[in-house]
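Undergrad: Dropping a structure here in structure tokens format, bear with me for questions.
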Amino acid sequence: MLESIKTFASHFFVTGDPMIYGADASIVLVTVAILFVLTYFKKWRWLWDEWLTTVDHKKIGIMYALAAILMLFRGGVDALLMRTQLAFPNMHFLQAEHYNQIFTTHGTIMILFMAMPLMFAFFNIVVPLQIGARDVAYPYLNAVSFWLFFFGAMLLNLSFVIGGSPDAGWVSYPPLSELAFDKGPGENFYLLSISISGIGSLATGINFMVTILKMRAPGMKLMDMPLFTWSILATCIIIIFAFPVLTIALALLFIDRLAGAHFFTMLHGGNPMMFINLFWMWGHPEVYIVVLPAFGIYSEVVSTFAKKRIFGYKSMVASMMLISIISYFTWTHHFFTMGSGADVNTFFAISTMAIGVPTGVKVFNWLFTMYRGRIRLTLPMLWTIAFVPCFAIGGATGVMLAVAPADYQYHNSYFLIAHFHQVLIGGVVFGYFAGLYYWWPKMFGHVLNEKLGRWSFWFWNIGFYVCFMPQYALGFMGMTRRLYTYPHGLGWSSLNLVSTIGAFMMGIGFLFQGAQILHGIKFGKRDTTGDPWDGRTLEWSLPSPAPHYNFATIPQIKGRDAWWTMKEEMKQPGYKKEPVHIEPIHMPKSSGRPFIMSVFFFIAGFGLTFDWIWMGVIGAIGVGITLLARSFEYDTDYYVPVDEIERTEAALGRL
Amino acid sequence: MAEVISQPVGHQHGHDHAHGHVDQESLKILGFWIFLVTDCLLFGTLFATFIVLRTHTDGGPTGKEIFDIPTFIAETFILLTSSFTSGLATLEMRKNNGSVQRLIGWLIVTWILGAAFVGLEIKEFTHLALDGATISRSAFLSGFFTLVGTHGLHVSVGLIWMLALMIQVGRYGFTAVTKRKIYIVGLYWHFLDAVWIFLFTVVYLIGVM
């Protein structure tokens with residue numbers, strides 16, 4: 001008996017690496033600490049009522065942001081571990097197997113559990129406020145989306161200490177990820193965690209598309225929408241068309257592994273290229289899914305801090321729509337070298353280069369907006385300005401990679417690594433940082449410390465170039481990606497060391513941001529106006545943070561830059577404030593079911609990871625019951641009474 | 001669609017909330033349409049996979065050898081008929097003097113047809129598996145079972161859903177909410193029928209040719 005428990009435990013828990021034991025200990029300690037704090041301060045009720053059951057899009061957005069920042073930390077630690085391993089030749093800091101797991105989780109977490117949720121944070125926090133809506137189209141579904149993401153992310157993170165992490169790369173190509181070559185539960189963790197959170201992403205795409213199309217304040221035409229909202233609409237279109245393909249690709253791979261099917265195997269007629277095609281049919285649009293909202297953020301930030309209307313609004317909209325279409329015609333450039341033939345490669349080379357055109361249009365529009373603007377160098381603006389040259393270099397190296405014959409040289413080399421980090425960090429991460437600084441007051445009601453932010457900015461930026469510029473050279477010198485270690489004498493050593501130093505500089509930049517957040521909680525300057533940046537769009541017309549019903553009265557929109565226009569009107573000499581007429585507001589009720597349902601998803605996912613069918617069935621039944629229970633629920637909303645709204649508004653100094 | 005959603009949401013408040021108040025029921029119907037788009041893509045991806053792997057039989061059985069023509073013809077007729085009867089159910093709801101009993105009656109007919117379809121499919125699958133044509137025999141069969149099985153799973157989910165709605169409409173009668181739900185389940189059912197027509201053509205008809 002004892003012996004069989006021992007055998008089980010040695011397979012179930014990851015053993016043998018001091019770093020893993022450290023992680024075990026820290027997970028247990030942090031969990032105990034959280035449980036203690038919640039119990040000691042009697043916060044359980046508060047946690048459940050205010051956060052776990054909330055359907056308020058602003059709170060859901062904050063939870064997305066916090067989870068994403070935590071995942072940025074986790075993915076960043078992965079990156080530093082890898083760079084440490086590669087700092088010197090013949091290093092044995094990590095075991096080879098562990099290294100494989102770390103580069104896999106680094107990629108998976110950064111794209112799917114950091115960039116995506118941070119993007120959804122902005123969806124939730126900004127979009128309803130920008131379009132003058134009181135809520136999203138489906139608040140309950142919105143909570144479901146968040147908890148599915150959250151438990152999907154937890155499932156993947158669990159693999160670090162239980163069962164072992166996936167190690168087939170973030171793209172998880174078969175046959176490497178097939179059962180025959182990858183026995184452990186790691187790959188199952190990958191497939192199930194992404195599938196679970198993917199359902200949530202798809203639902204968010206539908207939710208916000210309908211929100212934007214149907215819930216705009218009266219008078220706001222499509223061509224009056226703020227560019228950030230436009231970027232979310234374009235993103236939603238891509239999500240709706242791309243995510244089902246990923247779902248199927250992962251499901252088929254899982255069926256291969258669980259039921260012994262032969263979709264992607266080498267034997268019995270399977271076709272691994274099928275997976276690679278399906279994966280990138282989602283995977284390439286995915287990079288535009290995460291970068292388009294960043295483009296939206298840059299548009300808002302540039303226009304606010306240059307104190308000008310955005311230059312070329314219509315061309316901005318057109319370019320985003322074009323990007324959302326062309327992104328579907330580029331997927332093959334991820335495997336130019338895999339024998340598609342010259343005609344196919346040519347088509348995808350040209351479409352890949354073509355997508356640079358609308359992107360270039362946007363960069364010029366931002367520059368022309370800044371031209372002769374009254375620029376204020378706040379943190380959001382700094383990150384936006386830093387983005388421009390970084391993204392320009394990344395775009396140029398992207399076009400180099402798009403040249404199919406030349407790609408035979410760069411393929412899977414560090415040149416590629418440098419390129420996509422340049423566009424993803426320079427484009428997405430810089431943009432999301434700009435967005436976080438920009439909307440932080442709206443989220444939490446205080447402004448973050450500027451000085452700490454500048455330290456962080458310079459560490460991140462200098463660190464970025466120090467880290468990735470050497471990697472372009474290393475790529476040309478023949479260093480391939482996913483390389484575990486390398487011998488002396490290849491001429492790679494000093495460049496790798498420099499690159500590692502850069503990575504740690506970015507790590508220091510992140511620490512400054514952590515300090516900035518802590519500083520903000522304690523000493524952050526209160527934003528009493530609701531409009532700390534002298535903004536142009538509707539969210540700045542609300543108090544910070546906004547009351548749970550957002551708008552006491554829904555504004556009437558008379559064109560672009562709605563809040564700016566209103567402010568101009570108020571400055572007119574004869575301006576008379578219209579009397580506020582408050583009516584009861586229709587709001588959805590909180591519900592614990594999204595949380596509970598996602599727990600069942602987690603149970604099902606965890607069971608299937610270990611091929612424990614019984615546990616998968618229990619989870620699936622739980623999901624079914626929670627769905628049915630929702631169907632039978634009719635009392636789902638309520639009205640906020642007028643006197644409560646009046647009290648809240650009076651307390652905020654709005655009446 | 002407009003008819004279904006013309007009634008305001010069933011709240012007790014007397015005053016008009018047209019100002020800034022979105023009609024929840026029509027919103028949900030729009031969302032469901034977009035969901036169907038994603039489901040279309042899901043099936044589209046499965047179809048693409050199946051078409052690529054259709055000839056990858058690895059020396060195992062081909063479609064011509066294993067597809068039983070009477071079975072899939074029967075399945076087709078049963079599902080198409082159920083789509084018609086579900087349409088009659090929706091029609092009953094839209095009529096001015098429609099009755100809840102008749103609506104539930106048509107839903108029961110639809111339900112029985114749907115269950116018969118699923119039953120036939122399960123019989124077909126077990127029959128094939130017992131003959132050695134399992135999901136792990138060849139890539140062709142992997143594609144076949146997954147594509148057809150995903151459709152069958154959708155139909156089964158629809159059956160549970162329909163059952164829940166029959167209880168609800170029996171309990172509450174015609175309200176804006178139950179009407180919207182009946183309308184949406186009808187959409188779903190017709191969608192599954194449309195998918196089946198493609199399955200019938202791409203998998204079975206071309207398979208036996």
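Each chain in the structure tokens gets a letter, A, B, ..., in the order shown, and its residues are numbered from 1; ligands are numbered from 1 in order too.
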With a cut-off of 8 Å and counting only C-alpha atoms, select all residues of chain A in contact with chain B and give the selection as a PyMOL selection string.
TA: chain A and resi 133+137-138+206-207+210+214-215+217-218+240-241+244-245+247-248+259-263+268-271+274+554+586+628+631-632
Undergrad: What would the file look like if the residues just selected were written as a tab-separated table (two decimals), in the first residue's frame with N, CA, C and O atoms?
TA:
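Done, and the output landed in again-v8.tsv:
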```tsv
chain	number	residue	atom	x	y	z
A	133	ALA	N	-21.80	53.09	-22.53
A	133	ALA	CA	-22.71	52.00	-22.17
A	133	ALA	C	-22.63	51.73	-20.68
A	133	ALA	O	-21.63	52.04	-20.04
A	137	ALA	N	-22.67	43.48	-23.34
A	137	ALA	CA	-23.90	42.85	-23.82
A	137	ALA	C	-24.31	41.68	-22.93
A	137	ALA	O	-25.48	41.52	-22.61
A	138	TYR	N	-23.35	40.85	-22.54
A	138	TYR	CA	-23.67	39.67	-21.74
A	138	TYR	C	-22.78	39.62	-20.50
A	138	TYR	O	-21.73	38.98	-20.51
A	206	ILE	N	-17.29	37.44	-28.97
A	206	ILE	CA	-18.70	37.64	-29.33
A	206	ILE	C	-19.30	38.75	-28.47
A	206	ILE	O	-19.98	39.65	-28.97
A	207	ASN	N	-19.02	38.68	-27.18
A	207	ASN	CA	-19.58	39.63	-26.22
A	207	ASN	C	-19.27	41.08	-26.60
A	207	ASN	O	-20.16	41.93	-26.66
A	210	VAL	N	-20.85	42.39	-29.99
A	210	VAL	CA	-22.24	42.82	-29.83
A	210	VAL	C	-22.30	44.10	-29.00
A	210	VAL	O	-23.07	45.02	-29.32
A	214	LYS	N	-24.06	47.24	-30.66
A	214	LYS	CA	-25.44	47.48	-30.23
A	214	LYS	C	-25.60	48.41	-29.04
A	214	LYS	O	-26.71	48.83	-28.76
A	215	MET	N	-24.55	48.68	-28.29
A	215	MET	CA	-24.77	49.38	-27.03
A	215	MET	C	-24.14	50.76	-26.97
A	215	MET	O	-23.96	51.30	-25.89
A	217	ALA	N	-23.81	54.74	-27.00
A	217	ALA	CA	-24.72	55.80	-26.56
A	217	ALA	C	-25.40	56.41	-27.77
A	217	ALA	O	-24.84	56.41	-28.87
A	218	PRO	N	-26.62	56.94	-27.58
A	218	PRO	CA	-27.34	57.51	-28.71
A	218	PRO	C	-26.52	58.62	-29.38
A	218	PRO	O	-25.92	59.45	-28.69
A	240	ILE	N	-13.24	35.88	-33.43
A	240	ILE	CA	-14.37	35.03	-33.82
A	240	ILE	C	-13.99	34.09	-34.96
A	240	ILE	O	-14.42	32.95	-35.00
A	241	PHE	N	-13.14	34.57	-35.87
A	241	PHE	CA	-12.78	33.71	-37.00
A	241	PHE	C	-11.58	32.82	-36.73
A	241	PHE	O	-11.41	31.81	-37.39
A	244	PRO	N	-12.00	29.31	-33.28
A	244	PRO	CA	-12.53	27.97	-33.53
A	244	PRO	C	-11.50	27.04	-34.17
A	244	PRO	O	-11.47	25.84	-33.89
A	245	VAL	N	-10.63	27.60	-35.01
A	245	VAL	CA	-9.62	26.76	-35.67
A	245	VAL	C	-8.64	26.21	-34.65
A	245	VAL	O	-8.27	25.02	-34.68
A	247	THR	N	-9.27	25.74	-31.47
A	247	THR	CA	-10.02	24.76	-30.67
A	247	THR	C	-9.97	23.40	-31.34
A	247	THR	O	-9.69	22.38	-30.69
A	248	ILE	N	-10.22	23.37	-32.64
A	248	ILE	CA	-10.24	22.09	-33.35
A	248	ILE	C	-8.84	21.49	-33.42
A	248	ILE	O	-8.66	20.30	-33.17
A	259	ALA	N	-7.48	8.95	-27.49
A	259	ALA	CA	-8.24	7.84	-28.07
A	259	ALA	C	-7.44	7.08	-29.12
A	259	ALA	O	-7.98	6.22	-29.80
A	260	GLY	N	-6.18	7.44	-29.29
A	260	GLY	CA	-5.36	6.73	-30.26
A	260	GLY	C	-5.75	6.98	-31.70
A	260	GLY	O	-5.56	6.12	-32.56
A	261	ALA	N	-6.32	8.17	-31.99
A	261	ALA	CA	-6.66	8.50	-33.37
A	261	ALA	C	-5.39	8.85	-34.14
A	261	ALA	O	-4.29	8.89	-33.58
A	262	HIS	N	-5.56	9.07	-35.45
A	262	HIS	CA	-4.37	9.29	-36.29
A	262	HIS	C	-4.50	10.53	-37.15
A	262	HIS	O	-4.29	10.48	-38.35
A	263	PHE	N	-4.86	11.63	-36.54
A	263	PHE	CA	-4.92	12.87	-37.32
A	263	PHE	C	-3.52	13.33	-37.70
A	263	PHE	O	-3.25	13.65	-38.85
A	268	HIS	N	-0.32	5.22	-39.99
A	268	HIS	CA	-1.75	5.02	-40.26
A	268	HIS	C	-2.41	6.21	-40.95
A	268	HIS	O	-3.58	6.48	-40.73
A	269	GLY	N	-1.65	6.92	-41.75
A	269	GLY	CA	-2.24	7.94	-42.60
A	269	GLY	C	-2.35	9.33	-41.99
A	269	GLY	O	-2.93	10.22	-42.60
A	270	GLY	N	-1.84	9.53	-40.78
A	270	GLY	CA	-1.91	10.85	-40.18
A	270	GLY	C	-1.03	11.86	-40.91
A	270	GLY	O	-0.13	11.49	-41.66
A	271	ASN	N	-1.31	13.14	-40.68
A	271	ASN	CA	-0.58	14.17	-41.42
A	271	ASN	C	-0.20	15.31	-40.48
A	271	ASN	O	-1.01	16.19	-40.21
A	274	MET	N	-0.90	18.98	-41.24
A	274	MET	CA	-2.28	19.43	-41.02
A	274	MET	C	-2.35	20.27	-39.75
A	274	MET	O	-2.96	21.34	-39.72
A	554	ILE	N	-27.26	58.58	-19.56
A	554	ILE	CA	-26.52	58.24	-20.78
A	554	ILE	C	-26.29	59.50	-21.60
A	554	ILE	O	-27.23	60.27	-21.85
A	586	HIS	N	-31.16	49.61	-14.89
A	586	HIS	CA	-31.30	48.17	-15.03
A	586	HIS	C	-29.92	47.52	-14.96
A	586	HIS	O	-29.06	47.82	-15.77
A	628	LEU	N	-27.46	24.07	-16.98
A	628	LEU	CA	-28.90	23.89	-16.88
A	628	LEU	C	-29.47	24.79	-15.79
A	628	LEU	O	-30.53	25.40	-15.96
A	631	SER	N	-30.02	28.04	-17.09
A	631	SER	CA	-31.16	28.10	-18.00
A	631	SER	C	-32.46	28.25	-17.23
A	631	SER	O	-33.39	28.91	-17.68
A	632	PHE	N	-32.52	27.65	-16.03
A	632	PHE	CA	-33.75	27.71	-15.25
A	632	PHE	C	-33.85	28.95	-14.38
A	632	PHE	O	-34.80	29.11	-13.63
```
Undergrad: Can you pull out every residue within 10 Å of Asn496 of chain A, counting only C-alpha atoms, but drop anything in the same chain fewer than 4 positions away, and send it as a PDB file with N, CA and C atoms, in the first residue's frame?
TA:
```pdb
ATOM      1  N   ARG A  83      17.733  32.712 -20.166  1.00  0.00           N
ATOM      2  CA  ARG A  83      18.884  33.554 -20.504  1.00  0.00           C
ATOM      3  C   ARG A  83      20.068  33.220 -19.593  1.00  0.00           C
ATOM      4  N   THR A  84      19.794  32.841 -18.346  1.00  0.00           N
ATOM      5  CA  THR A  84      20.899  32.446 -17.468  1.00  0.00           C
ATOM      6  C   THR A  84      21.563  31.188 -18.012  1.00  0.00           C
ATOM      7  N   LEU A  86      21.798  30.316 -21.000  1.00  0.00           N
ATOM      8  CA  LEU A  86      22.519  30.580 -22.242  1.00  0.00           C
ATOM      9  C   LEU A  86      23.624  31.629 -22.079  1.00  0.00           C
ATOM     10  N   ALA A  87      23.796  32.144 -20.857  1.00  0.00           N
ATOM     11  CA  ALA A  87      24.733  33.258 -20.685  1.00  0.00           C
ATOM     12  C   ALA A  87      26.160  32.874 -21.058  1.00  0.00           C
ATOM     13  N   PHE A  88      26.567  31.661 -20.709  1.00  0.00           N
ATOM     14  CA  PHE A  88      27.939  31.223 -20.986  1.00  0.00           C
ATOM     15  C   PHE A  88      27.893  29.889 -21.723  1.00  0.00           C
ATOM     16  N   PRO A  89      28.949  29.576 -22.486  1.00  0.00           N
ATOM     17  CA  PRO A  89      28.978  28.275 -23.147  1.00  0.00           C
ATOM     18  C   PRO A  89      29.059  27.140 -22.130  1.00  0.00           C
ATOM     19  N   CYS A 467      19.270  43.268 -24.992  1.00  0.00           N
ATOM     20  CA  CYS A 467      18.922  41.844 -25.031  1.00  0.00           C
ATOM     21  C   CYS A 467      18.756  41.340 -26.457  1.00  0.00           C
ATOM     22  N   PHE A 468      18.035  42.074 -27.289  1.00  0.00           N
ATOM     23  CA  PHE A 468      17.618  41.466 -28.558  1.00  0.00           C
ATOM     24  C   PHE A 468      18.471  41.834 -29.760  1.00  0.00           C
ATOM     25  N   PRO A 470      21.740  41.738 -30.015  1.00  0.00           N
ATOM     26  CA  PRO A 470      22.740  40.680 -30.246  1.00  0.00           C
ATOM     27  C   PRO A 470      22.114  39.418 -30.850  1.00  0.00           C
ATOM     28  N   GLN A 471      20.833  39.212 -30.587  1.00  0.00           N
ATOM     29  CA  GLN A 471      20.229  37.970 -31.069  1.00  0.00           C
ATOM     30  C   GLN A 471      20.064  37.953 -32.587  1.00  0.00           C
ATOM     31  N   LEU A 474      23.375  36.810 -33.618  1.00  0.00           N
ATOM     32  CA  LEU A 474      23.533  35.386 -33.301  1.00  0.00           C
ATOM     33  C   LEU A 474      22.799  34.516 -34.312  1.00  0.00           C
ATOM     34  N   GLY A 491      32.106  31.798 -31.328  1.00  0.00           N
ATOM     35  CA  GLY A 491      31.979  33.250 -31.438  1.00  0.00           C
ATOM     36  C   GLY A 491      30.656  33.755 -30.912  1.00  0.00           C
ATOM     37  N   TRP A 492      29.903  32.900 -30.219  1.00  0.00           N
ATOM     38  CA  TRP A 492      28.588  33.316 -29.726  1.00  0.00           C
ATOM     39  C   TRP A 492      28.631  33.808 -28.288  1.00  0.00           C
ATOM     40  N   THR A 500      21.934  38.297 -22.212  1.00  0.00           N
ATOM     41  CA  THR A 500      21.427  37.945 -20.879  1.00  0.00           C
ATOM     42  C   THR A 500      21.390  39.157 -19.962  1.00  0.00           C
ATOM     43  N   ILE A 501      22.444  40.008 -20.077  1.00  0.00           N
ATOM     44  CA  ILE A 501      22.460  41.230 -19.255  1.00  0.00           C
ATOM     45  C   ILE A 501      21.232  42.085 -19.582  1.00  0.00           C
ATOM     46  N   GLY A 502      20.935  42.197 -20.867  1.00  0.00           N
ATOM     47  CA  GLY A 502      19.751  42.962 -21.279  1.00  0.00           C
ATOM     48  C   GLY A 502      18.479  42.402 -20.679  1.00  0.00           C
TER      49      GLY A 502
END
```
Undergrad: In segment 420-645 of chain A, what's alpha helix (DSSP H) per DSSP? Answer as number ranges by chain?
TA: A: 420-423, 430-444, 450-476, 493-523, 562-571, 593-609, 613-631, 642-645
Undergrad: Mind writing the picked residues with C-alpha atoms as a compact mmCIF listing (two decimals), in the first residue's frame?
TA:
```
# COMPACT_ATOMS: atom_id res chain seq x y z
CA PHE A 420 9.10 38.48 -32.96
CA HIS A 421 10.18 39.69 -29.55
CA GLN A 422 10.79 43.06 -31.13
CA VAL A 423 7.27 43.30 -32.53
CA PHE A 430 4.92 48.66 -24.72
CA GLY A 431 1.38 49.40 -25.83
CA TYR A 432 -0.21 47.59 -22.92
CA PHE A 433 2.12 49.36 -20.50
CA ALA A 434 1.09 52.67 -22.05
CA GLY A 435 -2.53 51.58 -21.63
CA LEU A 436 -2.04 50.52 -18.02
CA TYR A 437 -0.47 53.86 -17.09
CA TYR A 438 -3.10 55.73 -19.07
CA TRP A 439 -6.15 54.01 -17.58
CA TRP A 440 -4.72 53.20 -14.15
CA PRO A 441 -6.43 56.26 -12.59
CA LYS A 442 -9.72 55.15 -14.13
CA MET A 443 -9.26 51.67 -12.68
CA PHE A 444 -8.08 52.54 -9.18
CA GLU A 450 6.12 59.22 -12.42
CA LYS A 451 9.72 58.94 -11.20
CA LEU A 452 9.66 55.20 -10.53
CA GLY A 453 7.91 54.80 -13.85
CA ARG A 454 10.70 56.57 -15.66
CA TRP A 455 13.31 54.34 -14.06
CA SER A 456 11.29 51.37 -15.19
CA PHE A 457 10.91 52.85 -18.67
CA TRP A 458 14.64 53.30 -19.20
CA PHE A 459 15.56 49.91 -17.76
CA TRP A 460 13.00 48.22 -19.98
CA ASN A 461 13.98 50.11 -23.10
CA ILE A 462 17.74 49.96 -22.84
CA GLY A 463 17.45 46.38 -21.59
CA PHE A 464 15.33 45.53 -24.59
CA TYR A 465 17.91 46.62 -27.14
CA VAL A 466 20.79 45.14 -25.16
CA CYS A 467 18.92 41.84 -25.03
CA PHE A 468 17.62 41.47 -28.56
CA MET A 469 20.00 43.28 -30.89
CA PRO A 470 22.74 40.68 -30.25
CA GLN A 471 20.23 37.97 -31.07
CA TYR A 472 19.86 39.20 -34.64
CA ALA A 473 23.60 38.76 -35.04
CA LEU A 474 23.53 35.39 -33.30
CA GLY A 475 20.90 34.26 -35.77
CA PHE A 476 23.12 35.17 -38.69
CA SER A 493 29.71 33.67 -26.14
CA SER A 494 30.06 37.42 -25.70
CA LEU A 495 26.86 38.21 -27.63
CA ASN A 496 24.93 35.73 -25.49
CA LEU A 497 26.30 37.25 -22.33
CA VAL A 498 25.29 40.75 -23.47
CA SER A 499 21.84 39.46 -24.34
CA THR A 500 21.43 37.94 -20.88
CA ILE A 501 22.46 41.23 -19.26
CA GLY A 502 19.75 42.96 -21.28
CA ALA A 503 17.17 40.43 -20.14
CA PHE A 504 18.01 41.12 -16.51
CA MET A 505 17.76 44.85 -17.12
CA MET A 506 14.20 44.31 -18.29
CA GLY A 507 13.64 42.27 -15.15
CA ILE A 508 14.80 45.25 -13.09
CA GLY A 509 12.43 47.44 -15.11
CA PHE A 510 9.60 45.12 -14.09
CA LEU A 511 10.63 45.37 -10.43
CA PHE A 512 10.38 49.15 -10.66
CA GLN A 513 6.86 48.74 -11.96
CA GLY A 514 6.06 46.49 -9.02
CA ALA A 515 7.44 49.17 -6.72
CA GLN A 516 5.39 51.73 -8.58
CA ILE A 517 2.19 49.81 -7.97
CA LEU A 518 2.95 49.35 -4.26
CA HIS A 519 3.90 53.03 -4.00
CA GLY A 520 0.68 53.96 -5.75
CA ILE A 521 -1.46 51.95 -3.32
CA LYS A 522 0.09 53.78 -0.36
CA PHE A 523 0.89 57.27 -1.65
CA ALA A 562 -17.18 63.14 -27.46
CA TRP A 563 -15.85 64.29 -24.06
CA TRP A 564 -13.59 66.91 -25.64
CA THR A 565 -16.54 68.36 -27.52
CA MET A 566 -18.56 68.48 -24.32
CA LYS A 567 -15.74 70.24 -22.50
CA GLU A 568 -15.49 72.80 -25.31
CA GLU A 569 -19.23 73.36 -25.04
CA MET A 570 -18.98 73.87 -21.30
CA LYS A 571 -16.35 76.56 -21.83
CA ARG A 593 -22.16 30.19 -11.04
CA PRO A 594 -19.47 31.33 -13.51
CA PHE A 595 -16.90 30.62 -10.83
CA ILE A 596 -18.38 27.24 -9.89
CA MET A 597 -18.77 26.20 -13.51
CA SER A 598 -15.14 27.04 -14.19
CA VAL A 599 -14.09 25.00 -11.18
CA PHE A 600 -15.88 22.05 -12.80
CA PHE A 601 -14.06 22.79 -16.06
CA PHE A 602 -10.84 22.74 -14.07
CA ILE A 603 -11.77 19.40 -12.49
CA ALA A 604 -12.57 17.92 -15.90
CA GLY A 605 -9.34 19.30 -17.35
CA PHE A 606 -7.24 18.03 -14.50
CA GLY A 607 -8.79 14.56 -14.71
CA LEU A 608 -8.31 14.29 -18.47
CA THR A 609 -4.72 15.45 -18.11
CA ILE A 613 -11.82 9.49 -17.27
CA TRP A 614 -13.99 9.25 -14.13
CA MET A 615 -12.77 12.67 -13.01
CA GLY A 616 -13.32 14.11 -16.47
CA VAL A 617 -16.88 12.79 -16.40
CA ILE A 618 -17.53 14.32 -12.96
CA GLY A 619 -16.27 17.68 -14.24
CA ALA A 620 -18.34 17.47 -17.42
CA ILE A 621 -21.50 16.61 -15.46
CA GLY A 622 -20.82 19.54 -13.16
CA VAL A 623 -20.49 21.86 -16.15
CA GLY A 624 -23.74 20.51 -17.58
CA ILE A 625 -25.62 20.98 -14.32
CA THR A 626 -24.39 24.55 -13.86
CA LEU A 627 -25.43 25.34 -17.44
CA LEU A 628 -28.90 23.89 -16.88
CA ALA A 629 -29.22 25.71 -13.57
CA ARG A 630 -28.54 28.96 -15.40
CA SER A 631 -31.16 28.10 -18.00
CA VAL A 642 -33.13 56.54 -8.03
CA ASP A 643 -32.27 57.57 -4.48
CA GLU A 644 -29.29 55.22 -4.42
CA ILE A 645 -27.98 56.70 -7.66
```
Undergrad: Have a look at B:His151, B:Gly170, B:Ile184, B:Phe144 and name the one nearest to Leu128 of chain B; count only C-alpha atoms.
TA: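 Nearest to Leu128 of chain B: B:Phe144.
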Undergrad: Could you check which of A:Glu539, A:Pro358, A:Ala404, A:Thr304 is closest to Val344 of chain A, using only C-alpha atoms?
TA: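 Smallest separation from Val344 of chain A among the options: A:Ala404.
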Undergrad: How many Å separate atom CA of Val118 of chain B from atom CA of Leu147 of chain B?
TA: 14.3 Å
Undergrad: For Trp189 of chain B, find every residue with an atom within 10 Å (counting only C-alpha atoms), except residues of its own chain fewer than 6 positions away, and show them as a list in words.
TA: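 So, after excluding close chain neighbours, the residues are Leu79, Ser82, Ser83, Phe84, Ser86, Gly87, Thr110, Gly114, His154, Val155, Gly158, Leu159, Met162, Tyr183 and Val195 of chain B.
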Undergrad: With N, CA and C atoms retained, write the just-selected residues as an mmCIF file, in the first residue's frame.
TA:
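Result went into out_15.cif, see below:
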```cif
data_model
loop_
_atom_site.group_PDB
_atom_site.id
_atom_site.type_symbol
_atom_site.label_atom_id
_atom_site.label_comp_id
_atom_site.auth_asym_id
_atom_site.auth_seq_id
_atom_site.Cartn_x
_atom_site.Cartn_y
_atom_site.Cartn_z
ATOM 1 N N LEU B 79 -33.709 13.487 -39.577
ATOM 2 C CA LEU B 79 -33.249 14.796 -39.114
ATOM 3 C C LEU B 79 -33.937 15.930 -39.877
ATOM 4 N N SER B 82 -37.299 16.358 -38.503
ATOM 5 C CA SER B 82 -37.280 17.005 -37.192
ATOM 6 C C SER B 82 -37.075 18.511 -37.343
ATOM 7 N N SER B 83 -36.330 18.896 -38.359
ATOM 8 C CA SER B 83 -36.135 20.319 -38.594
ATOM 9 C C SER B 83 -37.481 20.964 -38.957
ATOM 10 N N PHE B 84 -38.266 20.238 -39.764
ATOM 11 C CA PHE B 84 -39.579 20.731 -40.157
ATOM 12 C C PHE B 84 -40.488 20.870 -38.932
ATOM 13 N N SER B 86 -39.624 21.188 -35.828
ATOM 14 C CA SER B 86 -39.172 22.263 -34.939
ATOM 15 C C SER B 86 -39.602 23.608 -35.518
ATOM 16 N N GLY B 87 -39.646 23.695 -36.854
ATOM 17 C CA GLY B 87 -40.163 24.905 -37.491
ATOM 18 C C GLY B 87 -41.632 25.097 -37.146
ATOM 19 N N THR B 110 -40.285 16.627 -32.337
ATOM 20 C CA THR B 110 -38.907 16.935 -32.744
ATOM 21 C C THR B 110 -37.919 16.158 -31.892
ATOM 22 N N GLY B 114 -35.172 13.518 -33.055
ATOM 23 C CA GLY B 114 -33.757 13.762 -32.748
ATOM 24 C C GLY B 114 -33.144 12.583 -32.018
ATOM 25 N N HIS B 154 -23.509 17.566 -30.835
ATOM 26 C CA HIS B 154 -24.310 18.788 -30.899
ATOM 27 C C HIS B 154 -25.800 18.451 -30.807
ATOM 28 N N VAL B 155 -26.217 17.409 -31.553
ATOM 29 C CA VAL B 155 -27.633 17.035 -31.531
ATOM 30 C C VAL B 155 -28.023 16.609 -30.125
ATOM 31 N N GLY B 158 -28.469 19.485 -27.964
ATOM 32 C CA GLY B 158 -29.733 20.115 -28.333
ATOM 33 C C GLY B 158 -30.918 19.421 -27.689
ATOM 34 N N LEU B 159 -30.851 18.086 -27.578
ATOM 35 C CA LEU B 159 -31.960 17.331 -26.983
ATOM 36 C C LEU B 159 -32.127 17.696 -25.507
ATOM 37 N N MET B 162 -33.546 21.175 -25.300
ATOM 38 C CA MET B 162 -34.952 21.240 -25.679
ATOM 39 C C MET B 162 -35.837 20.759 -24.535
ATOM 40 N N TYR B 183 -36.998 30.389 -29.789
ATOM 41 C CA TYR B 183 -36.503 30.850 -31.086
ATOM 42 C C TYR B 183 -35.049 30.410 -31.294
ATOM 43 N N VAL B 195 -25.794 21.549 -41.273
ATOM 44 C CA VAL B 195 -24.494 20.875 -41.183
ATOM 45 C C VAL B 195 -24.635 19.430 -41.647
#
```
Undergrad: Contacts of Leu199 of chain B at 10 Å or less, counting only C-alpha atoms, minus same-chain residues fewer than 2 places along, as a list in words?
TA: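 My list of contacting residues is Phe43, Phe47, Thr76, Phe144, Leu147, Val148, His151, Asp193, Ala194, Val195, Trp196, Ile197, Thr201, Val202, Val203, Tyr204, Leu205 and Ile206 of chain B.
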